[in-house]
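Colleague: What follows is run.txt; its format and atoms are compact mmCIF, N, CA, C and O atoms.
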```txt
# COMPACT_ATOMS: atom_id res chain seq x y z
N MET H 1 0.82 -1.19 0.00
CA MET H 1 0.00 0.00 0.00
C MET H 1 0.86 1.25 0.00
O MET H 1 0.76 2.07 -0.87
N MET H 2 1.74 1.42 0.95
CA MET H 2 2.50 2.65 1.08
C MET H 2 3.44 2.87 -0.11
O MET H 2 3.53 3.97 -0.63
N ARG H 3 4.13 1.83 -0.53
CA ARG H 3 5.06 1.99 -1.65
C ARG H 3 4.31 2.43 -2.90
O ARG H 3 4.76 3.33 -3.60
N ASP H 4 3.19 1.81 -3.18
CA ASP H 4 2.40 2.18 -4.36
C ASP H 4 1.93 3.62 -4.28
O ASP H 4 1.86 4.31 -5.29
N ASP H 5 1.60 4.08 -3.08
CA ASP H 5 1.16 5.46 -2.89
C ASP H 5 2.30 6.45 -3.13
O ASP H 5 2.09 7.56 -3.62
N LEU H 6 3.52 6.08 -2.76
CA LEU H 6 4.66 6.99 -2.81
C LEU H 6 5.41 6.99 -4.14
O LEU H 6 6.00 7.99 -4.52
N GLU H 7 5.40 5.87 -4.85
CA GLU H 7 6.21 5.72 -6.07
C GLU H 7 6.00 6.85 -7.08
O GLU H 7 6.98 7.36 -7.62
N PRO H 8 4.76 7.29 -7.38
CA PRO H 8 4.61 8.38 -8.36
C PRO H 8 5.32 9.66 -7.93
O PRO H 8 5.96 10.33 -8.76
N SER H 9 5.25 10.02 -6.67
CA SER H 9 5.94 11.22 -6.18
C SER H 9 7.44 11.08 -6.32
O SER H 9 8.13 12.04 -6.69
N PHE H 10 7.97 9.91 -6.02
CA PHE H 10 9.41 9.69 -6.14
C PHE H 10 9.83 9.76 -7.61
O PHE H 10 10.84 10.37 -7.94
N ALA H 11 9.05 9.15 -8.49
CA ALA H 11 9.37 9.17 -9.92
C ALA H 11 9.35 10.61 -10.45
O ALA H 11 10.24 10.99 -11.21
N ASN H 12 8.37 11.40 -10.04
CA ASN H 12 8.29 12.79 -10.49
C ASN H 12 9.49 13.62 -10.05
O ASN H 12 9.89 14.55 -10.74
N ARG H 13 10.06 13.31 -8.90
CA ARG H 13 11.21 14.05 -8.38
C ARG H 13 12.55 13.44 -8.83
O ARG H 13 13.60 13.98 -8.54
N GLY H 14 12.50 12.29 -9.50
CA GLY H 14 13.74 11.63 -9.94
C GLY H 14 14.53 11.03 -8.79
O GLY H 14 15.75 10.95 -8.83
N VAL H 15 13.83 10.59 -7.75
CA VAL H 15 14.45 9.98 -6.58
C VAL H 15 13.98 8.53 -6.50
O VAL H 15 12.80 8.24 -6.70
N ALA H 16 14.89 7.62 -6.20
CA ALA H 16 14.55 6.20 -6.07
C ALA H 16 14.17 5.88 -4.64
O ALA H 16 14.76 6.38 -3.70
N LEU H 17 13.15 5.02 -4.48
CA LEU H 17 12.75 4.51 -3.17
C LEU H 17 13.16 3.05 -3.09
O LEU H 17 12.75 2.24 -3.91
N GLN H 18 14.02 2.73 -2.13
CA GLN H 18 14.49 1.37 -1.93
C GLN H 18 13.99 0.85 -0.60
O GLN H 18 14.03 1.56 0.40
N LEU H 19 13.51 -0.38 -0.60
CA LEU H 19 13.02 -1.01 0.63
C LEU H 19 13.86 -2.25 0.91
O LEU H 19 14.12 -3.04 0.01
N THR H 20 14.29 -2.40 2.17
CA THR H 20 15.01 -3.61 2.56
C THR H 20 14.38 -4.16 3.84
O THR H 20 13.87 -3.40 4.66
N CYS H 21 14.45 -5.47 3.98
CA CYS H 21 13.89 -6.11 5.16
C CYS H 21 14.87 -7.18 5.63
O CYS H 21 15.19 -8.10 4.88
N GLY H 22 15.34 -7.03 6.86
CA GLY H 22 16.30 -7.98 7.42
C GLY H 22 15.64 -9.00 8.32
O GLY H 22 16.25 -9.43 9.29
N LEU H 23 14.42 -9.38 8.02
CA LEU H 23 13.69 -10.31 8.89
C LEU H 23 13.56 -11.71 8.28
O LEU H 23 12.73 -12.49 8.72
N ALA H 24 14.36 -12.03 7.30
CA ALA H 24 14.22 -13.30 6.59
C ALA H 24 14.27 -14.51 7.51
O ALA H 24 13.49 -15.45 7.35
N ASN H 25 15.14 -14.51 8.51
CA ASN H 25 15.31 -15.67 9.39
C ASN H 25 14.69 -15.45 10.76
O ASN H 25 14.95 -16.22 11.69
N ALA H 26 13.88 -14.43 10.91
CA ALA H 26 13.29 -14.13 12.22
C ALA H 26 12.12 -15.06 12.51
O ALA H 26 11.41 -15.49 11.61
N ARG H 27 11.95 -15.37 13.79
CA ARG H 27 10.79 -16.16 14.21
C ARG H 27 9.56 -15.30 14.17
O ARG H 27 9.61 -14.10 14.44
N ALA H 28 8.43 -15.92 13.87
CA ALA H 28 7.16 -15.18 13.88
C ALA H 28 6.80 -14.81 15.31
O ALA H 28 6.93 -15.63 16.22
N ARG H 29 6.40 -13.57 15.49
CA ARG H 29 5.98 -13.09 16.81
C ARG H 29 4.76 -12.22 16.65
O ARG H 29 4.54 -11.61 15.63
N LYS H 30 3.99 -12.15 17.70
CA LYS H 30 2.82 -11.29 17.70
C LYS H 30 3.26 -9.89 18.14
O LYS H 30 4.00 -9.73 19.11
N VAL H 31 2.84 -8.88 17.39
CA VAL H 31 3.20 -7.50 17.69
C VAL H 31 1.91 -6.71 17.85
O VAL H 31 1.01 -6.76 17.01
N MET H 32 1.83 -5.98 18.94
CA MET H 32 0.65 -5.15 19.22
C MET H 32 1.00 -3.71 18.86
O MET H 32 1.87 -3.11 19.51
N ILE H 33 0.36 -3.19 17.81
CA ILE H 33 0.63 -1.81 17.38
C ILE H 33 -0.66 -1.16 16.90
O ILE H 33 -1.63 -1.84 16.59
N ASP H 34 -0.62 0.13 16.84
CA ASP H 34 -1.69 0.89 16.20
C ASP H 34 -1.24 1.05 14.75
O ASP H 34 -0.41 1.91 14.44
N SER H 35 -1.74 0.20 13.87
CA SER H 35 -1.24 0.16 12.50
C SER H 35 -1.46 1.47 11.75
O SER H 35 -0.62 1.87 10.94
N ASP H 36 -2.55 2.18 12.01
CA ASP H 36 -2.78 3.46 11.34
C ASP H 36 -1.74 4.49 11.75
O ASP H 36 -1.21 5.22 10.91
N SER H 37 -1.43 4.56 13.04
CA SER H 37 -0.42 5.51 13.52
C SER H 37 0.96 5.16 12.98
O SER H 37 1.73 6.04 12.59
N LEU H 38 1.29 3.88 12.95
CA LEU H 38 2.58 3.45 12.44
C LEU H 38 2.69 3.79 10.95
O LEU H 38 3.71 4.34 10.51
N ALA H 39 1.66 3.51 10.19
CA ALA H 39 1.68 3.83 8.75
C ALA H 39 1.82 5.33 8.53
O ALA H 39 2.60 5.77 7.68
N ARG H 40 1.11 6.13 9.30
CA ARG H 40 1.19 7.59 9.17
C ARG H 40 2.60 8.09 9.51
O ARG H 40 3.15 8.94 8.83
N MET H 41 3.19 7.55 10.56
CA MET H 41 4.54 7.95 10.96
C MET H 41 5.55 7.61 9.87
O MET H 41 6.37 8.45 9.49
N LEU H 42 5.49 6.39 9.36
CA LEU H 42 6.43 5.98 8.31
C LEU H 42 6.22 6.80 7.04
O LEU H 42 7.19 7.23 6.40
N TYR H 43 4.97 7.04 6.68
CA TYR H 43 4.67 7.85 5.51
C TYR H 43 5.27 9.25 5.67
O TYR H 43 5.89 9.78 4.75
N ASN H 44 5.11 9.85 6.84
CA ASN H 44 5.66 11.19 7.09
C ASN H 44 7.19 11.20 7.01
O ASN H 44 7.77 12.13 6.45
N LEU H 45 7.84 10.19 7.55
CA LEU H 45 9.30 10.11 7.49
C LEU H 45 9.79 9.99 6.05
O LEU H 45 10.74 10.67 5.63
N VAL H 46 9.14 9.13 5.28
CA VAL H 46 9.56 8.91 3.88
C VAL H 46 9.25 10.15 3.04
O VAL H 46 10.06 10.57 2.21
N GLU H 47 8.11 10.76 3.26
CA GLU H 47 7.75 11.96 2.53
C GLU H 47 8.73 13.10 2.83
O GLU H 47 9.14 13.85 1.94
N ASN H 48 9.14 13.24 4.08
CA ASN H 48 10.12 14.25 4.45
C ASN H 48 11.47 13.97 3.78
O ASN H 48 12.13 14.89 3.29
N ALA H 49 11.87 12.71 3.74
CA ALA H 49 13.12 12.34 3.08
C ALA H 49 13.06 12.70 1.60
O ALA H 49 14.02 13.23 1.04
N LEU H 50 11.93 12.44 0.96
CA LEU H 50 11.76 12.78 -0.45
C LEU H 50 11.88 14.29 -0.66
O LEU H 50 12.56 14.75 -1.56
N ARG H 51 11.24 15.05 0.18
CA ARG H 51 11.22 16.51 0.05
C ARG H 51 12.63 17.09 0.09
O ARG H 51 12.92 18.11 -0.53
N HIS H 52 13.54 16.45 0.83
CA HIS H 52 14.88 16.99 1.01
C HIS H 52 15.95 16.23 0.23
O HIS H 52 17.15 16.44 0.46
N SER H 53 15.54 15.37 -0.69
CA SER H 53 16.49 14.58 -1.48
C SER H 53 16.66 15.19 -2.86
O SER H 53 15.68 15.53 -3.52
N PRO H 54 17.90 15.30 -3.32
CA PRO H 54 18.14 15.83 -4.66
C PRO H 54 17.77 14.79 -5.73
O PRO H 54 17.81 13.58 -5.47
N PRO H 55 17.42 15.26 -6.94
CA PRO H 55 17.15 14.32 -8.04
C PRO H 55 18.35 13.39 -8.25
O PRO H 55 19.50 13.79 -8.09
N GLY H 56 18.06 12.15 -8.58
CA GLY H 56 19.10 11.16 -8.81
C GLY H 56 19.58 10.46 -7.55
O GLY H 56 20.46 9.60 -7.62
N SER H 57 19.03 10.81 -6.40
CA SER H 57 19.45 10.19 -5.15
C SER H 57 18.52 9.04 -4.78
O SER H 57 17.57 8.74 -5.48
N VAL H 58 18.81 8.41 -3.65
CA VAL H 58 18.05 7.25 -3.17
C VAL H 58 17.57 7.50 -1.75
O VAL H 58 18.32 8.02 -0.92
N VAL H 59 16.32 7.14 -1.48
CA VAL H 59 15.80 7.10 -0.11
C VAL H 59 15.67 5.62 0.24
O VAL H 59 15.06 4.85 -0.50
N LEU H 60 16.29 5.22 1.34
CA LEU H 60 16.29 3.83 1.77
C LEU H 60 15.42 3.69 3.01
O LEU H 60 15.66 4.35 4.01
N MET H 61 14.44 2.83 2.92
CA MET H 61 13.57 2.52 4.06
C MET H 61 13.83 1.07 4.41
O MET H 61 13.76 0.18 3.55
N SER H 62 14.19 0.81 5.67
CA SER H 62 14.52 -0.56 6.04
C SER H 62 13.86 -0.99 7.34
O SER H 62 13.51 -0.16 8.18
N LEU H 63 13.70 -2.28 7.47
CA LEU H 63 13.13 -2.90 8.65
C LEU H 63 14.08 -4.01 9.07
O LEU H 63 14.43 -4.88 8.26
N ASP H 64 14.54 -3.96 10.32
CA ASP H 64 15.46 -4.97 10.84
C ASP H 64 15.04 -5.34 12.25
O ASP H 64 14.29 -4.63 12.90
N ARG H 65 15.56 -6.45 12.70
CA ARG H 65 15.31 -6.91 14.07
C ARG H 65 16.55 -6.64 14.90
O ARG H 65 17.67 -6.89 14.47
N GLU H 66 16.33 -6.12 16.09
CA GLU H 66 17.41 -5.85 17.02
C GLU H 66 16.99 -6.42 18.37
O GLU H 66 16.16 -5.84 19.06
N ASP H 67 17.54 -7.57 18.73
CA ASP H 67 17.11 -8.30 19.93
C ASP H 67 15.61 -8.57 19.82
O ASP H 67 15.17 -9.18 18.88
N ASP H 68 14.82 -8.09 20.77
CA ASP H 68 13.37 -8.32 20.73
C ASP H 68 12.62 -7.11 20.17
O ASP H 68 11.43 -6.94 20.43
N ARG H 69 13.31 -6.27 19.44
CA ARG H 69 12.69 -5.05 18.91
C ARG H 69 12.79 -5.01 17.39
O ARG H 69 13.68 -5.61 16.81
N LEU H 70 11.88 -4.27 16.79
CA LEU H 70 11.96 -3.99 15.37
C LEU H 70 12.50 -2.58 15.20
O LEU H 70 12.15 -1.68 15.95
N ARG H 71 13.36 -2.39 14.20
CA ARG H 71 13.92 -1.07 13.94
C ARG H 71 13.57 -0.67 12.51
O ARG H 71 13.96 -1.33 11.56
N PHE H 72 12.82 0.42 12.39
CA PHE H 72 12.52 1.03 11.10
C PHE H 72 13.49 2.18 10.91
O PHE H 72 13.68 2.99 11.82
N THR H 73 14.12 2.28 9.75
CA THR H 73 14.97 3.42 9.46
C THR H 73 14.63 3.99 8.10
O THR H 73 14.20 3.26 7.19
N VAL H 74 14.81 5.29 7.97
CA VAL H 74 14.65 5.98 6.70
C VAL H 74 15.90 6.82 6.52
O VAL H 74 16.23 7.64 7.37
N GLU H 75 16.63 6.57 5.43
CA GLU H 75 17.87 7.29 5.15
C GLU H 75 17.75 7.99 3.80
O GLU H 75 17.19 7.42 2.87
N ASP H 76 18.25 9.22 3.73
CA ASP H 76 18.22 9.94 2.46
C ASP H 76 19.58 10.58 2.21
O ASP H 76 20.46 10.51 3.05
N GLU H 77 19.73 11.18 1.04
CA GLU H 77 20.98 11.81 0.65
C GLU H 77 20.85 13.34 0.64
O GLU H 77 21.60 14.02 -0.04
N GLY H 78 19.91 13.84 1.42
CA GLY H 78 19.73 15.29 1.53
C GLY H 78 20.85 15.91 2.33
O GLY H 78 21.70 15.24 2.90
N SER H 79 20.85 17.24 2.40
CA SER H 79 21.93 17.97 3.07
C SER H 79 21.89 17.85 4.58
O SER H 79 22.87 18.13 5.25
N GLY H 80 20.77 17.44 5.15
CA GLY H 80 20.69 17.27 6.59
C GLY H 80 20.47 18.59 7.31
O GLY H 80 20.24 19.62 6.71
N VAL H 81 20.61 18.53 8.61
CA VAL H 81 20.41 19.69 9.47
C VAL H 81 21.76 20.16 9.99
O VAL H 81 22.56 19.33 10.45
N GLU H 82 22.02 21.45 9.93
CA GLU H 82 23.28 21.97 10.43
C GLU H 82 23.39 21.78 11.93
O GLU H 82 22.41 21.90 12.65
N ALA H 83 24.60 21.49 12.38
CA ALA H 83 24.85 21.34 13.82
C ALA H 83 24.67 22.69 14.50
O ALA H 83 25.04 23.73 13.95
N ALA H 84 24.12 22.66 15.70
CA ALA H 84 23.89 23.93 16.44
C ALA H 84 25.15 24.43 17.09
O ALA H 84 26.07 23.76 17.36
```
Could you rewrite the structure in this file as structure tokens?
Modeller:
Amino acid sequence: MMRDDLEPSFANRGVALQLTCGLANARARKVMIDSDSLARMLYNLVENALRHSPPGSVVLMSLDREDDRLRFTVEDEGSGVEAA
């Protein structure tokens, strides 16, 4: 759902969206989340990365397991925020 929603915006800006998942060998577990809030948060992070990414760059969205936690990351090639 989310990738299909975002792909046209990324294509229009000339930015690639890459998704990786490091859960191939993970055991199945039950996770209690508010799926709407999680989707909205991830959408906002990816949309922000797109807004600040130059044409020809890549935004990487990944999901990995860290001990008993899941880690979502969004990385872009934008200029970032200046140190204070």
Colleague: May I ask which of the residues H:Cys21, H:Leu6, H:Ala84, H:Ala11 is the closest one to H:Arg71, counting all atoms listed in the file?
Modeller: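 Of H:Cys21, H:Leu6, H:Ala84, H:Ala11, the one nearest H:Arg71 is H:Cys21, counting all atoms listed in the file.
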Colleague: Check chain H with DSSP on the backbone and list each residue it calls helix (DSSP H, G or I), as a list in words.
Modeller: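 Helix (DSSP H, G or I) assignments inside chain H correspond to Met2, Arg3, Asp4, Asp5, Leu6, Glu7, Pro8, Ser9, Phe10, Ala11, Asn12, Arg13, Ser35, Asp36, Ser37, Leu38, Ala39, Arg40, Met41, Leu42, Tyr43, Asn44, Leu45, Val46, Glu47, Asn48, Ala49, Leu50 and Arg51 of chain H.
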Colleague: List the neighbours of H:His52 out to 7 Å using all atoms listed in the file; skip same-chain residues closer than 2 positions along the sequence, and give me the result as number ranges by chain.
Modeller: H: 46-50, 54, 76-80
Colleague: For the atom pair atom CA of H:Arg40 and atom CA of H:Asp67, what is the interatomic distance in Å to one decimal place?
Modeller: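 Computing it gives 24.9 Å between the two atoms.
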Colleague: Give me the residues within 8 Å of H:Ser57 as a list in words, counting all atoms listed in the file and dropping any in the same chain fewer than 4 places off.
Modeller: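 Answer for this query is Phe10, Arg13, Gly14, Val15, Ala16, Leu17, Gln18, Ser53, Glu75, Asp76, Glu77 and Gly78 of chain H.
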Colleague: Neighbouring residues of H:Leu63 were defined as those with any atom within 8 Å, considering only N, CA, C and O atoms; residues of the same chain fewer than 6 positions away were excluded. Please report them as a list in words.
Modeller: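 Those residues are Leu19, Thr20, Cys21, Gly22, Leu23, Ala24, Arg69, Leu70, Arg71, Phe72, Thr73 and Val74 of chain H.
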